[in-house]
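Student: Following this line is my_file-v4.cif, made up of mmCIF, C-alpha atoms:
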```
data_run
loop_
_atom_site.label_atom_id
_atom_site.label_comp_id
_atom_site.auth_asym_id
_atom_site.auth_seq_id
_atom_site.Cartn_x
_atom_site.Cartn_y
_atom_site.Cartn_z
CA MET A 289 6.88 -21.19 25.03
CA ALA A 290 10.52 -22.04 25.64
CA LEU A 291 11.36 -22.52 21.97
CA GLN A 292 9.79 -19.18 21.08
CA GLN A 293 11.73 -17.42 23.82
CA VAL A 294 14.99 -18.88 22.53
CA ARG A 295 14.08 -17.80 18.97
CA VAL A 296 13.23 -14.27 20.09
CA ALA A 297 16.42 -14.02 22.13
CA ARG A 298 18.48 -15.13 19.13
CA ARG A 299 16.81 -12.48 16.96
CA ALA A 300 17.54 -9.83 19.58
CA VAL A 301 21.22 -10.77 19.63
CA LEU A 302 21.39 -10.63 15.84
CA ALA A 303 19.66 -7.27 15.74
CA GLY A 304 21.76 -5.89 18.54
CA GLY A 305 24.92 -6.70 16.64
CA LEU A 306 23.66 -5.32 13.34
CA ALA A 307 25.82 -2.54 11.97
CA VAL A 308 24.47 -0.91 8.82
CA SER A 309 25.94 2.01 6.94
CA ALA A 310 24.07 4.36 4.66
CA VAL A 311 25.90 2.76 1.75
CA GLY A 312 24.23 -0.56 2.55
CA PHE A 313 20.76 0.95 2.49
CA ALA A 314 19.44 0.93 -1.07
CA GLY A 315 17.77 4.18 -1.93
CA LEU A 316 18.77 6.01 1.26
CA PRO A 317 20.82 9.19 1.03
CA ALA A 318 24.56 8.95 1.60
CA GLY A 319 25.50 9.98 5.11
CA ALA A 320 22.09 9.15 6.59
CA ALA A 321 22.36 8.36 10.29
CA VAL A 322 21.10 4.79 10.34
CA ARG A 323 20.40 3.00 13.59
CA SER A 324 19.59 -0.71 13.79
CA SER A 325 16.22 -1.77 15.14
CA ALA A 326 15.85 -4.60 17.62
CA ALA A 327 13.77 -7.50 16.38
CA PRO A 328 10.27 -7.52 17.90
CA SER A 329 8.77 -10.75 19.20
CA ILE A 330 7.19 -12.51 16.21
CA SER A 331 5.44 -15.86 16.60
CA SER A 332 6.28 -18.31 13.85
CA THR A 333 3.84 -20.40 11.81
CA SER A 334 4.65 -23.37 14.04
CA ASP A 335 3.84 -21.31 17.14
CA TRP A 336 0.28 -20.66 15.97
CA ASN A 337 -0.08 -24.18 14.56
CA ALA A 338 -0.36 -23.28 10.90
CA ARG A 339 -1.25 -25.86 8.29
CA ASP A 340 1.43 -26.94 5.89
CA ALA A 341 1.41 -25.00 2.65
CA SER A 342 -0.28 -26.85 -0.17
CA GLY A 343 2.37 -25.80 -2.67
CA SER A 344 5.87 -24.45 -2.85
CA ILE A 345 6.76 -21.19 -1.13
CA GLU A 346 8.70 -18.85 -3.42
CA VAL A 347 11.70 -17.35 -1.63
CA LEU A 348 13.13 -14.55 -3.76
CA ASP A 349 16.87 -13.83 -3.77
CA SER A 350 16.26 -10.12 -3.49
CA LYS A 351 15.32 -7.57 -0.88
CA PRO A 352 11.85 -6.05 -0.86
CA THR A 353 11.73 -2.34 -1.63
CA LYS A 354 8.49 -1.44 0.11
CA ILE A 355 6.02 -2.40 2.82
CA ILE A 356 2.26 -2.57 2.22
CA VAL A 357 -0.11 -2.13 5.15
CA HIS A 358 -3.53 -3.84 5.17
CA HIS A 359 -6.45 -4.26 7.53
CA THR A 360 -8.32 -7.54 7.80
CA ALA A 361 -11.75 -5.80 7.66
CA THR A 362 -12.83 -8.21 10.41
CA PRO A 363 -14.60 -7.23 13.66
CA ASN A 364 -12.73 -4.93 16.04
CA SER A 365 -12.45 -7.55 18.74
CA ASP A 366 -11.88 -6.64 22.38
CA ASP A 367 -9.98 -9.90 22.89
CA THR A 368 -6.33 -8.89 22.99
CA SER A 369 -4.97 -12.28 24.05
CA GLN A 370 -2.31 -14.20 22.18
CA SER A 371 -4.65 -17.18 21.87
CA HIS A 372 -7.13 -14.96 20.01
CA ALA A 373 -4.34 -13.69 17.76
CA PHE A 374 -3.30 -17.25 16.93
CA GLU A 375 -6.89 -18.17 16.12
CA LEU A 376 -7.08 -15.14 13.81
CA SER A 377 -4.01 -16.39 11.94
CA ARG A 378 -5.56 -19.83 11.53
CA GLN A 379 -8.82 -18.35 10.27
CA ILE A 380 -7.00 -16.21 7.72
CA GLN A 381 -4.97 -19.16 6.48
CA ASP A 382 -8.08 -21.34 6.17
CA PHE A 383 -9.85 -18.65 4.17
CA HIS A 384 -6.91 -18.06 1.88
CA MET A 385 -6.31 -21.72 1.21
CA ASP A 386 -9.87 -23.07 1.18
CA SER A 387 -11.80 -20.14 -0.32
CA ASN A 388 -9.17 -18.31 -2.38
CA GLY A 389 -7.40 -21.48 -3.46
CA TRP A 390 -3.98 -20.14 -2.49
CA SER A 391 -1.10 -22.32 -1.34
CA ASP A 392 -0.80 -20.56 2.02
CA THR A 393 -1.59 -17.36 3.91
CA GLY A 394 -1.34 -14.39 1.53
CA GLN A 395 0.43 -11.80 3.69
CA ASN A 396 3.90 -12.12 5.17
CA PHE A 397 2.99 -11.02 8.68
CA THR A 398 -0.12 -10.49 10.81
CA ASN A 399 -0.59 -7.95 13.63
CA SER A 400 -3.40 -8.39 16.15
CA ARG A 401 -5.34 -5.71 18.01
CA GLY A 402 -3.51 -6.86 21.12
CA GLY A 403 -0.18 -6.12 19.43
CA HIS A 404 0.80 -9.75 18.87
CA LEU A 405 2.93 -10.19 15.75
CA MET A 406 2.81 -13.42 13.78
CA GLU A 407 4.45 -14.85 10.73
CA GLY A 408 1.89 -15.22 7.94
CA ARG A 409 3.18 -17.06 4.89
CA HIS A 410 5.67 -19.81 5.74
CA LYS A 411 9.38 -18.93 5.60
CA SER A 412 8.69 -15.17 5.84
CA LEU A 413 10.21 -14.91 9.32
CA ALA A 414 13.47 -16.69 8.47
CA ALA A 415 13.83 -14.53 5.36
CA LEU A 416 13.30 -11.36 7.37
CA GLU A 417 15.86 -12.45 9.96
CA GLY A 418 18.37 -13.16 7.21
CA GLY A 419 17.84 -9.76 5.60
CA SER A 420 18.83 -10.74 2.06
CA GLN A 421 15.77 -12.61 0.77
CA HIS A 422 12.03 -12.28 1.05
CA VAL A 423 9.01 -14.46 0.49
CA LYS A 424 6.65 -13.64 -2.36
CA GLY A 425 3.17 -13.31 -0.90
CA ALA A 426 -0.32 -12.92 -2.35
CA HIS A 427 -1.56 -9.65 -0.87
CA ALA A 428 -1.20 -6.84 -3.43
CA GLY A 429 -1.17 -8.02 -7.03
CA GLU A 430 1.91 -7.11 -9.04
CA GLN A 431 3.55 -5.65 -5.91
CA ASN A 432 3.92 -9.10 -4.32
CA SER A 433 7.39 -9.62 -5.74
CA VAL A 434 8.77 -6.36 -4.29
CA ALA A 435 6.71 -5.72 -1.14
CA LEU A 436 6.16 -7.23 2.27
CA GLY A 437 2.51 -7.37 3.36
CA ILE A 438 1.28 -6.77 6.91
CA GLU A 439 -2.33 -7.55 7.84
CA ASN A 440 -3.61 -5.58 10.83
CA GLU A 441 -6.58 -7.05 12.64
CA GLY A 442 -9.76 -4.98 12.52
CA THR A 443 -11.69 -2.55 10.36
CA TYR A 444 -10.39 1.02 10.28
CA THR A 445 -12.86 2.81 8.06
CA GLU A 446 -14.00 4.82 11.10
CA ALA A 447 -12.62 3.12 14.23
CA SER A 448 -9.40 4.35 15.81
CA VAL A 449 -6.28 2.20 15.80
CA PRO A 450 -5.54 0.54 19.17
CA GLY A 451 -2.33 1.66 20.82
CA SER A 452 -0.99 -1.87 21.12
CA LEU A 453 -1.52 -2.58 17.44
CA TRP A 454 0.05 0.73 16.49
CA ASP A 455 3.15 0.20 18.63
CA SER A 456 3.74 -3.29 17.23
CA LEU A 457 3.22 -2.00 13.68
CA VAL A 458 5.87 0.69 14.21
CA SER A 459 8.25 -1.91 15.68
CA LEU A 460 7.73 -4.38 12.85
CA CYS A 461 8.11 -1.77 10.13
CA SER A 462 11.24 -0.39 11.81
CA TYR A 463 12.77 -3.86 11.90
CA MET A 464 11.90 -4.46 8.24
CA VAL A 465 13.45 -1.15 7.22
CA SER A 466 16.55 -1.89 9.30
CA GLN A 467 16.95 -5.40 7.89
CA TYR A 468 16.33 -4.63 4.23
CA GLY A 469 17.28 -0.99 3.78
CA ILE A 470 13.77 0.01 2.74
CA GLU A 471 13.18 3.75 2.74
CA PRO A 472 10.80 4.79 5.57
CA GLY A 473 8.81 6.67 2.92
CA ALA A 474 8.20 3.40 1.07
CA ILE A 475 5.49 2.28 3.49
CA TYR A 476 2.19 2.24 1.62
CA GLY A 477 -1.42 1.22 2.03
CA HIS A 478 -3.10 -1.47 -0.06
CA ARG A 479 -5.27 1.19 -1.75
CA ASP A 480 -2.18 2.92 -3.11
CA TYR A 481 -1.89 0.06 -5.59
CA MET A 482 -5.31 -1.54 -5.92
CA ALA A 483 -8.97 -0.51 -6.04
CA THR A 484 -9.76 -1.20 -2.39
CA ALA A 485 -10.57 0.86 0.70
CA CYS A 486 -7.96 -1.17 2.62
CA PRO A 487 -6.38 -0.38 5.08
CA GLY A 488 -9.36 1.84 5.94
CA ASP A 489 -9.56 5.62 5.94
CA VAL A 490 -8.33 5.95 9.52
CA LEU A 491 -5.28 3.71 9.25
CA HIS A 492 -4.40 5.01 5.78
CA ALA A 493 -4.52 8.58 7.08
CA ARG A 494 -1.97 7.61 9.73
CA LEU A 495 0.58 6.25 7.27
CA PRO A 496 2.48 9.58 7.17
CA GLU A 497 2.77 9.32 10.96
CA LEU A 498 3.90 5.70 10.65
CA ARG A 499 6.63 6.67 8.20
CA GLU A 500 7.79 9.47 10.48
CA SER A 501 7.82 7.17 13.52
CA VAL A 502 9.90 4.59 11.68
CA GLY A 503 12.25 7.28 10.41
CA ALA A 504 12.67 8.69 13.90
CA ALA A 505 13.36 5.23 15.35
CA LEU A 506 16.17 4.67 12.85
CA GLY A 507 17.49 8.20 12.52
CA LEU A 508 16.48 8.38 8.87
CA PRO A 509 14.96 11.19 6.82
CA VAL A 510 11.46 10.60 5.50
CA ARG A 511 10.20 11.54 2.08
CA GLN A 512 6.42 11.31 2.10
CA PRO A 513 5.03 9.83 -1.12
CA VAL A 514 2.02 11.09 -3.06
CA SER A 515 -0.65 8.52 -3.78
CA TRP A 516 -3.42 8.13 -6.31
CA PRO A 517 -6.88 9.02 -4.97
CA LEU A 518 -9.56 6.43 -4.25
CA LEU A 519 -12.95 7.11 -5.83
CA ARG A 520 -16.04 5.58 -4.28
CA PRO A 521 -19.56 5.32 -5.72
CA GLY A 522 -21.22 8.73 -5.53
CA ALA A 523 -17.97 10.69 -5.37
CA GLN A 524 -18.12 14.12 -7.01
CA GLY A 525 -15.73 16.84 -8.07
CA PRO A 526 -12.85 17.70 -10.41
CA ASP A 527 -11.14 14.33 -9.97
CA VAL A 528 -14.27 12.58 -11.23
CA ILE A 529 -14.64 15.00 -14.15
CA ALA A 530 -10.99 14.37 -15.08
CA LEU A 531 -11.50 10.61 -14.91
CA GLN A 532 -14.59 10.82 -17.09
CA VAL A 533 -12.73 12.87 -19.70
CA LEU A 534 -9.78 10.46 -19.55
CA LEU A 535 -12.09 7.49 -20.02
CA GLY A 536 -13.60 9.27 -23.00
CA ALA A 537 -10.08 9.63 -24.40
CA ARG A 538 -9.92 5.83 -24.33
CA GLY A 539 -13.09 5.60 -26.40
CA MET A 540 -15.43 4.80 -23.52
CA SER A 541 -18.85 6.40 -23.45
CA VAL A 542 -19.41 7.98 -20.03
CA PRO A 543 -21.23 11.14 -18.96
CA VAL A 544 -19.02 14.08 -17.99
CA ASP A 545 -21.14 15.19 -15.05
CA GLY A 546 -18.62 15.04 -12.21
CA VAL A 547 -20.48 12.19 -10.46
CA PHE A 548 -18.94 8.76 -10.04
CA GLY A 549 -22.11 6.95 -11.03
CA GLU A 550 -22.79 3.49 -12.41
CA ALA A 551 -21.75 4.17 -16.02
CA THR A 552 -18.45 5.70 -14.94
CA GLN A 553 -17.87 2.90 -12.44
CA ARG A 554 -18.36 0.24 -15.10
CA ALA A 555 -15.92 1.90 -17.49
CA ALA A 556 -13.40 2.53 -14.73
CA SER A 557 -13.69 -1.07 -13.59
CA ARG A 558 -12.64 -2.29 -17.03
CA VAL A 559 -9.49 -0.19 -16.78
CA ALA A 560 -8.76 -1.53 -13.29
CA VAL A 561 -9.09 -5.10 -14.50
CA GLU A 562 -6.78 -4.40 -17.43
CA ARG A 563 -4.19 -2.95 -15.06
CA GLY A 564 -4.46 -5.80 -12.55
CA ALA A 565 -5.51 -3.23 -9.96
CA SER A 566 -8.98 -4.63 -9.36
CA VAL A 567 -9.59 -6.58 -6.18
CA PRO A 568 -12.91 -7.49 -4.51
CA SER A 569 -11.58 -7.07 -0.98
CA CYS A 570 -8.51 -6.95 1.18
CA SER A 571 -6.83 -10.33 1.03
CA ALA A 572 -7.69 -11.47 4.55
CA SER A 573 -11.25 -10.17 4.32
CA ARG A 574 -14.55 -11.42 3.01
CA VAL A 575 -15.88 -7.90 2.41
CA VAL A 576 -16.91 -7.11 -1.16
CA GLU A 577 -16.05 -3.59 -2.35
CA PRO A 578 -17.84 -2.86 -5.63
CA GLY A 579 -17.43 0.28 -7.71
CA LEU A 580 -14.09 1.53 -6.38
CA PHE A 581 -11.38 3.06 -8.56
CA GLY A 582 -7.87 3.82 -7.44
CA GLY A 583 -4.28 2.69 -7.15
CA SER A 584 -2.32 1.81 -10.25
CA ALA A 585 -5.51 1.78 -12.34
CA TRP A 586 -4.96 5.54 -12.67
CA GLU A 587 -1.79 4.80 -14.61
CA GLY A 588 -3.95 3.23 -17.29
CA VAL A 589 -5.72 6.52 -18.03
CA THR A 590 -3.03 9.16 -17.38
CA PRO A 591 -0.60 9.39 -20.31
CA VAL A 592 2.55 11.50 -20.28
CA LEU A 593 1.69 14.82 -21.96
CA GLY A 594 3.89 17.57 -23.31
CA ALA A 595 4.11 20.51 -25.70
CA GLY A 596 2.30 19.86 -28.95
CA ASP A 597 -0.03 17.18 -27.59
CA GLY A 598 -3.77 17.57 -27.87
CA GLY A 599 -7.05 15.84 -27.13
CA GLU A 600 -9.19 14.81 -24.21
CA ALA A 601 -6.32 13.75 -21.96
CA VAL A 602 -4.89 17.26 -22.23
CA ARG A 603 -8.31 18.70 -21.42
CA ALA A 604 -8.47 16.50 -18.29
CA ALA A 605 -5.14 17.90 -17.11
CA GLN A 606 -6.42 21.43 -17.80
CA VAL A 607 -9.53 20.78 -15.71
CA LEU A 608 -7.36 19.66 -12.81
CA LEU A 609 -4.95 22.58 -13.10
CA THR A 610 -7.85 25.02 -12.97
CA SER A 611 -9.30 23.20 -9.94
CA ARG A 612 -5.91 23.70 -8.24
CA GLY A 613 -6.11 27.45 -8.78
CA ARG A 614 -4.01 27.63 -11.95
CA TYR A 615 -6.38 28.60 -14.71
CA VAL A 616 -5.78 27.40 -18.23
CA PRO A 617 -8.45 27.14 -20.96
CA ALA A 618 -9.86 23.60 -21.24
CA ASP A 619 -9.31 23.53 -24.98
CA GLY A 620 -7.39 20.27 -25.21
CA VAL A 621 -4.31 22.01 -26.63
CA PHE A 622 -0.91 21.69 -24.96
CA GLY A 623 0.42 25.06 -26.11
CA ASP A 624 2.80 27.61 -24.64
CA ARG A 625 0.31 28.74 -22.00
CA MET A 626 -0.19 25.15 -20.88
CA VAL A 627 3.56 24.56 -20.63
CA SER A 628 3.96 27.69 -18.51
CA VAL A 629 1.13 26.75 -16.15
CA VAL A 630 2.40 23.20 -15.74
CA ARG A 631 5.86 24.50 -14.89
CA GLU A 632 4.39 26.87 -12.30
CA PHE A 633 2.39 24.04 -10.73
CA GLN A 634 5.41 21.74 -10.62
CA ALA A 635 7.58 24.38 -8.99
CA ALA A 636 4.95 25.09 -6.33
CA SER A 637 4.50 21.34 -5.70
CA GLY A 638 8.16 20.54 -5.26
CA LEU A 639 8.33 18.54 -8.49
CA ALA A 640 10.94 18.56 -11.20
CA VAL A 641 10.08 21.57 -13.38
CA THR A 642 9.82 20.10 -16.87
CA GLY A 643 6.56 21.44 -18.29
CA VAL A 644 5.60 17.81 -18.96
CA VAL A 645 2.63 16.21 -17.21
CA ASP A 646 4.21 12.96 -16.05
CA ARG A 647 3.12 10.42 -13.44
CA ALA A 648 4.26 12.54 -10.49
CA SER A 649 2.43 15.57 -11.87
CA TRP A 650 -0.79 13.61 -12.40
CA GLN A 651 -0.59 12.31 -8.82
CA ARG A 652 -0.13 15.83 -7.47
CA LEU A 653 -2.98 17.16 -9.59
CA LEU A 654 -5.29 14.39 -8.36
CA SER A 655 -4.18 14.32 -4.72
#
```
Show the structure stored in the file as structure tokens.
Tutor:
Amino acid sequence: MALQQVRVARRAVLAGGLAVSAVGFAGLPAGAAVRSSAAPSISSTSDWNARDASGSIEVLDSKPTKIIVHHTATPNSDDTSQSHAFELSRQIQDFHMDSNGWSDTGQNFTNSRGGHLMEGRHKSLAALEGGSQHVKGAHAGEQNSVALGIENEGTYTEASVPGSLWDSLVSLCSYMVSQYGIEPGAIYGHRDYMATACPGDVLHARLPELRESVGAALGLPVRQPVSWPLLRPGAQGPDVIALQVLLGARGMSVPVDGVFGEATQRAASRVAVERGASVPSCSASRVVEPGLFGGSAWEGVTPVLGAGDGGEAVRAAQVLLTSRGRYVPADGVFGDRMVSVVREFQAASGLAVTGVVDRASWQRLLS
């Protein structure tokens, strides 16, 4: 495609001439050695013959602060051709517009198993090339206004990630980080924010490697984030006990048996819906995922706790501390002993030592 080759060449020239200082990278440490990343070949919506959007596309006058990785939860096709990748993009757009009722494709970009990168939602490519705006998608709830979404073709609950897909994912993320000044550590999976298995256990487990690869490509340090756990039906252990106690603190009647059974799932689902963290499937998928709890739904049950507090939420934190090898009586009292143990845990976990169980402490306790 002659037009596509001209477009790619123009992007390469722009990227090659990009000079970015650490000062221009929001959130990055001063003095960080930042290298620009050449623009990968990305096929536009016109290249894959996308339908026109049925409504207006919202272009935000701000830079995204994070990247969210998805999988399509579609078959792991052996067809690595560009024509197959284009057909995938058309199928996703049809599903999003005709079944979901959206104005266009939900994610900003799509990555095929053959490593072909494509623009998803209209205007996303031009915004990325410009580096000062981004298109609001429909891929991760309340994160849509601050995050770019990448759909990766396939299902990665057990299957390995193809090398071609992986290489193109690293290239695309590196370019996004270079263009927008996103921290390499701000690359997340869909499940980090919503109650979904997306992007699959295998791909999600490789996100630390993805962050490191992007950091290495740009000469940037990487700070690995801590994420909320994902609970599936039948899950057992201290995390489940803590959740059950926390749900009880909200007045919900659930058994405290350490098993993520139907009663606990129903109560947890209500919290997820309240938090906007409930989703039936990854946005490009038709797979229903009942009974999951994770992402920002945890924020709805984990209050900030400090000296003098008491009740079931304190007892949940005590259960988790004990499970992490730091015994404290599960008496629901945030006394001097509790403050001391929390401080010890925070110091050992690399957290700010405050003696207060805040969001970061809850995430560490549950991770």
Student: So that I can check the surroundings of segment 463-476 of chain A, please list as a PyMOL selection string every protein, DNA and RNA residue that reaches within 9 Å of it, counting all atoms listed in the file and ignoring chain neighbours fewer than 2 positions away.
Tutor: chain A and resi 303+306+308+310+312-316+322-328+351-357+416-421+436+458-461+478-481+492+495-496+498-503+506+508-513+515
Student: With C-alpha atoms retained, could you export that selection as a compact mmCIF listing (two decimals), in the frame of the given file?
Tutor:
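Output contents, as saved in out38.txt:
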```txt
# COMPACT_ATOMS: atom_id res chain seq x y z
CA ALA A 303 19.66 -7.27 15.74
CA LEU A 306 23.66 -5.32 13.34
CA VAL A 308 24.47 -0.91 8.82
CA ALA A 310 24.07 4.36 4.66
CA GLY A 312 24.23 -0.56 2.55
CA PHE A 313 20.76 0.95 2.49
CA ALA A 314 19.44 0.93 -1.07
CA GLY A 315 17.77 4.18 -1.93
CA LEU A 316 18.77 6.01 1.26
CA VAL A 322 21.10 4.79 10.34
CA ARG A 323 20.40 3.00 13.59
CA SER A 324 19.59 -0.71 13.79
CA SER A 325 16.22 -1.77 15.14
CA ALA A 326 15.85 -4.60 17.62
CA ALA A 327 13.77 -7.50 16.38
CA PRO A 328 10.27 -7.52 17.90
CA LYS A 351 15.32 -7.57 -0.88
CA PRO A 352 11.85 -6.05 -0.86
CA THR A 353 11.73 -2.34 -1.63
CA LYS A 354 8.49 -1.44 0.11
CA ILE A 355 6.02 -2.40 2.82
CA ILE A 356 2.26 -2.57 2.22
CA VAL A 357 -0.11 -2.13 5.15
CA LEU A 416 13.30 -11.36 7.37
CA GLU A 417 15.86 -12.45 9.96
CA GLY A 418 18.37 -13.16 7.21
CA GLY A 419 17.84 -9.76 5.60
CA SER A 420 18.83 -10.74 2.06
CA GLN A 421 15.77 -12.61 0.77
CA LEU A 436 6.16 -7.23 2.27
CA VAL A 458 5.87 0.69 14.21
CA SER A 459 8.25 -1.91 15.68
CA LEU A 460 7.73 -4.38 12.85
CA CYS A 461 8.11 -1.77 10.13
CA HIS A 478 -3.10 -1.47 -0.06
CA ARG A 479 -5.27 1.19 -1.75
CA ASP A 480 -2.18 2.92 -3.11
CA TYR A 481 -1.89 0.06 -5.59
CA HIS A 492 -4.40 5.01 5.78
CA LEU A 495 0.58 6.25 7.27
CA PRO A 496 2.48 9.58 7.17
CA LEU A 498 3.90 5.70 10.65
CA ARG A 499 6.63 6.67 8.20
CA GLU A 500 7.79 9.47 10.48
CA SER A 501 7.82 7.17 13.52
CA VAL A 502 9.90 4.59 11.68
CA GLY A 503 12.25 7.28 10.41
CA LEU A 506 16.17 4.67 12.85
CA LEU A 508 16.48 8.38 8.87
CA PRO A 509 14.96 11.19 6.82
CA VAL A 510 11.46 10.60 5.50
CA ARG A 511 10.20 11.54 2.08
CA GLN A 512 6.42 11.31 2.10
CA PRO A 513 5.03 9.83 -1.12
CA SER A 515 -0.65 8.52 -3.78
```
Student: Take atom CA of Gly408 of chain A and atom CA of Ser329 of chain A and report the distance between them in Å, one decimal.
Tutor: 13.9 Å
Student: Quick one: which residues end up in the PyMOL selection byres ((chain A and resi 441) around 10) for this structure, as a VMD selection string?
Tutor: chain A and resid 358 to 365 373 376 to 377 398 to 403 438 to 440 442 to 444 449 453 572
Student: Any chance you could work out the residue set of the PyMOL selection byres ((chain A and resi 407) around 9) here, as a list in words?
Tutor: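 Taken on the displayed file, the PyMOL selection byres ((chain A and resi 407) around 9) yields the residues Ile330, Ser331, Ser332, Thr333, Trp336, Ser377, Gln395, Asn396, Phe397, Thr398, Leu405, Met406, Gly408, Arg409, His410, Lys411, Ser412 and Leu413 of chain A.
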Student: Take the PyMOL selection byres ((chain A and resi 551) around 12), apply it to the structure above, and return the hits as a list in words.
Tutor: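 When the PyMOL selection byres ((chain A and resi 551) around 12) is applied to the shown file, the picked residues are Pro521, Gly522, Gln532, Leu535, Gly536, Met540, Ser541, Val542, Pro543, Val544, Asp545, Gly546, Val547, Phe548, Gly549, Glu550, Thr552, Gln553, Arg554, Ala555, Ala556, Ser557, Arg558 and Gly579 of chain A.
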Student: Restricting the calculation to all atoms listed in the file, which member of A:Gln431, A:Gln524, A:Ser391, A:Ser655 is positioned closest to Ile345 of chain A?
Tutor: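 With all atoms listed in the file as the atom set, the closest residue is A:Ser391.
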Student: In Å, rounded to a single decimal, give me how far atom CA of Ala493 of chain A is from atom CA of Arg614 of chain A.
Tutor: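 Interatomic distance, atom CA of Arg614 of chain A to atom CA of Ala493 of chain A: 26.9 Å.
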Student: Residues near Glu430 of chain A, anyone? I mean within 10 Å using all atoms listed in the file, not counting same-chain ones fewer than 5 positions away, as a PyMOL selection string.
Tutor: chain A and resi 435+481-482+563-565+584
Student: State, in Å with one decimal place, the distance from atom CA of Asp340 of chain A to atom CA of Asp392 of chain A.
Tutor: 7.8 Å
Student: Would you list the residues near (-3.8, 5.6, -13.9), meaning any protein, DNA or RNA residue with an atom at most 10 Å from that point in file coordinates, counting all atoms listed in the file, as a ChimeraX atom specification?
Tutor: /A:516,531,534,559-560,563,565,581-591,647,650-651
Student: Rank nothing, just name the residue among A:Ala601, A:Ala595, A:Leu457, A:Val434 nearest to Gly539 of chain A, using all atoms listed in the file.
Tutor: A:Ala601
Student: Using all atoms listed in the file, can you list as a PyMOL selection string the residues within 12 Å of (-10.0, -26.4, 2.6)?
Tutor: chain A and resi 339-342+378-392
Student: Residues within 8 Å of Ala426 of chain A, please, as a list in words. Count all atoms listed in the file; anything in the same chain fewer than 3 positions from it doesn't count.
Tutor: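 My reading of the contact set: Thr393, Gly394, Gln395, Gly429, Asn432 and Ser571 of chain A.
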Student: Quick one: residues within 10 Å of Arg652 of chain A, all atoms listed in the file counted, chain neighbours fewer than 6 positions away excluded, as a list in words?
Tutor: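 So, after excluding close chain neighbours, the residues are Val514, Ser515, Trp516, Pro517, Leu608, Arg612, Phe633, Gln634, Ser637, Gly638 and Leu639 of chain A.
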Student: Return as lines of an AutoDock Vina configuration file the box centre and box size in Å, one decimal, for an axis-aligned box around all listed atoms of segment 402-415 of chain A padded by 6 Å per side.
Tutor:
```
center_x = 5.2
center_y = -13.0
center_z = 13.0
size_x = 29.3
size_y = 25.7
size_z = 28.2
```
